[in-house]
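Data first, discussion second: the structure below is written as C-alpha cells.
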Amino acid sequence: MFEHRFEYDQGMDAGPVGTARERLQQAIAQLTDTAGPSAAPDDLIAALVAYEEARRFLDRAVVDATADLQRRGVFAERGYRSPTGALSDLLGWERFEARRRVIAAENVCEQIGLDGVPLPARLPATATVFASGEAGLRHVEVIARLLDSGPARRLAPETWAGAEVQLAANAAIYTPSELHTWGTQLLEILDQDGPEPDDTPPAQLNELRLSRFRTRPGGKLTGRYDDAALFDAIAAAVDAGAAPRDADDQRSAAERQAEALAEVCAQVLSRGRLPETGGRRPQLTVTVRLEDLERRPASASLEFGGQLTPQTLRQLACDAAVIPVVLDGTGVPLDVGRVSRTVPDGLRRAVTVRDSGCAFPGCDRPPSWCEIHHVREWQHGGPTSLGNLVMLCTVHHRLIHHSHWEVRMVDGLPEFLPPSWIDRTRTPRRRPPPVLTPVG
C-alpha cells in the first residue's frame, strides 16, 4: 500500500515538487552513506542528530502545508469535514498522528479571520521554538492541550500568555511527558482559586424544549432534569455511544454526546417500541413534480428537521423508512404512499455477518452504530440484495455520498477506491480479512 499510495507519475516528477523531492532523496541518501557499517561511532551519533533535525524540519513543513490547505478550504471542498480524516486517508496515518499535525497547524501557524485579515499564531512563543527546531511536534501538542485545559481557561489573558512563554521555554529541556507533568503543576499554581463556587440553589424542574431553526435545516434541544433518575437514564444511554471512535477522535465531548443521542434515538425508532405515532426511522417527505416522479429526486424535507440536500437525501434513503408524497404543479398532494423499508431486517443481518461493522478500512464502529448503503444507488436501479449492500458508520456513509470516494463489490466483498488526489493510482483498499483457525 505504501508503494502505491506514494507513487507519482512522470508529469508530477517533472514539476517543481518532483524536482525538490528528488533532491531531498539524494540528500537523505548522502547522509545515510556517511552512517554506513564502516562509520566511526561519533559519526553515527552525529548522523542520528542530523536525522532528528531533518525529521523536525519535515514536521514543520507538513504542519505549514496542513495549515495552508485548511486556510484554502481544500479538504472541505473534497468532501472532508475535518482535515484529520483527509490526512489519515492521504498519508496512511493513524488518526492520532493526523490529529497531532492538525493541532500544531491550528496553534503555531498564522490563521485567517472571518474578515480575511491574517491573525497571529495562537501560541506565538511555541511557534518560535517549533520553527527553530528546539521543540518537536509532541511538545507542541502537549502545550496546546495544557493551555486548553480548565485551569488554563480560568487564567487572566496576561497570565495565560506568560504560562505559554514558560512552557515554550522549557520545551527544549523536558521530554513531552516531563513537560506535561511540569506544565500541569504550573497551571495548578497559577489557578490557585479554582472554579468559582455557585451557591445559587437550583430550581426543581424537568423540561426539554425542541425548536426547529427557521432559516436553515436542523434545530436545537435544550433541557434540564432535576430528577436524578431521569437524568441518569439519559446520561447512561448517551455515554454508551459517546466514547471516542479512536485514540484521538477530533470531536469535542459535546459533539460526541450530541451524535450519540441522535444515534440512540435512531436505534429506538428502528428497533424499539414506541406509541403508534412513532416507532420508525426519520420519514422522508419527497417533494417532486408528478412528471418527474420517475427521475432522480433532487430535494426532500423531514417532518421536523427541514430541507435536505440531494446528497443527504440519498444517504438517508439507503437505510430508512420512506413515505413518498407526490405533488402536482401547484403543490397539492396527489398521493401519499405507504411506509416501505429499504433494507429488510433479515437482509441487514446477512450484511452484518459479512461486514461485522463498518467496512471502511481502518474503522472499528460496531454493527449497532452502522447503516446500510446501496453500492449502486436504489434510484438508479440498484437492487436491495446482499451483493449490492455494504455496512458503513455515519461518518464513512457521509464520506461516500459527499466526496469522491467510491465503493464497489468484488467477489462478494466491498472494497473502496480513494479519490485520485489521495492516491493517483486509485488502488482499491479493503479491511484485512479475519484470520480463521483451521478445524481439526
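Following the order of the C-alpha cells, first chain is A, next is B, and so on, with residues numbered from 1 inside each chain and ligands from 1 in the order they appear.
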(request) Run DSSP on the backbone of this structure and report the residues of region 399-435 of chain A it assigns to strand (DSSP E or B), as a PyMOL selection string. (result) chain A and resi 406-410+413-417+429
Could those residues be written to a file, using C-alpha atoms, as an mmCIF file, in the first residue's frame?
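Done, and the output landed in again.cif:
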data_model
loop_
_atom_site.group_PDB
_atom_site.id
_atom_site.type_symbol
_atom_site.label_atom_id
_atom_site.label_comp_id
_atom_site.auth_asym_id
_atom_site.auth_seq_id
_atom_site.Cartn_x
_atom_site.Cartn_y
_atom_site.Cartn_z
ATOM 1 C CA GLU A 406 -16.204 5.063 -4.265
ATOM 2 C CA VAL A 407 -17.234 1.624 -3.052
ATOM 3 C CA ARG A 408 -17.694 -1.462 -5.198
ATOM 4 C CA MET A 409 -18.250 -5.162 -4.681
ATOM 5 C CA VAL A 410 -15.588 -7.624 -5.829
ATOM 6 C CA LEU A 413 -16.868 -8.272 -0.644
ATOM 7 C CA PRO A 414 -16.752 -4.461 -0.518
ATOM 8 C CA GLU A 415 -13.636 -2.527 -1.467
ATOM 9 C CA PHE A 416 -13.058 1.219 -1.526
ATOM 10 C CA LEU A 417 -11.412 3.373 -4.194
ATOM 11 C CA ARG A 429 -8.466 -0.685 -0.210
#
(message) If we count only C-alpha atoms and set the cut-off at 12 Å, which residues sit around Asp355 (chain A), ignoring sequence neighbours fewer than 5 positions away in its own chain? Please answer as a list in words.
(response)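 Final neighbour list, sorted by chain and number: Arg348, Arg349, Ala350, Phe360, Pro361, Cys363, Asp364, Arg365, Pro366, Pro367, Cys370, Glu371, Ile372, Leu386, Gly387, Leu389, Val390, Met391, Leu392, Cys393, Gly412, Leu413, Pro414, Glu415, Arg430, Arg431, Pro432, Pro433 and Pro434 of chain A.
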(message) Just to confirm, what's the straight-line distance from CA of Ala161 (chain A) to CA of Ala54 (chain A) in Å (one decimal)?
(response)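 We find that CA of Ala161 (chain A) and CA of Ala54 (chain A) lie 29.8 Å from each other.
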(request) For Ala105 (chain A), work out the shell of residues within 12 Å, counting only C-alpha atoms and skipping chain neighbours fewer than 6 positions away, then give it as a PyMOL selection string. (result) chain A and resi 59-71+83-84+98-99+111+121-123+126-127+130+137+140-141+144
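Reported to one decimal place, the separation of CA of Ala243 (chain A) from CA of Phe231 (chain A) is 18.5 Å.
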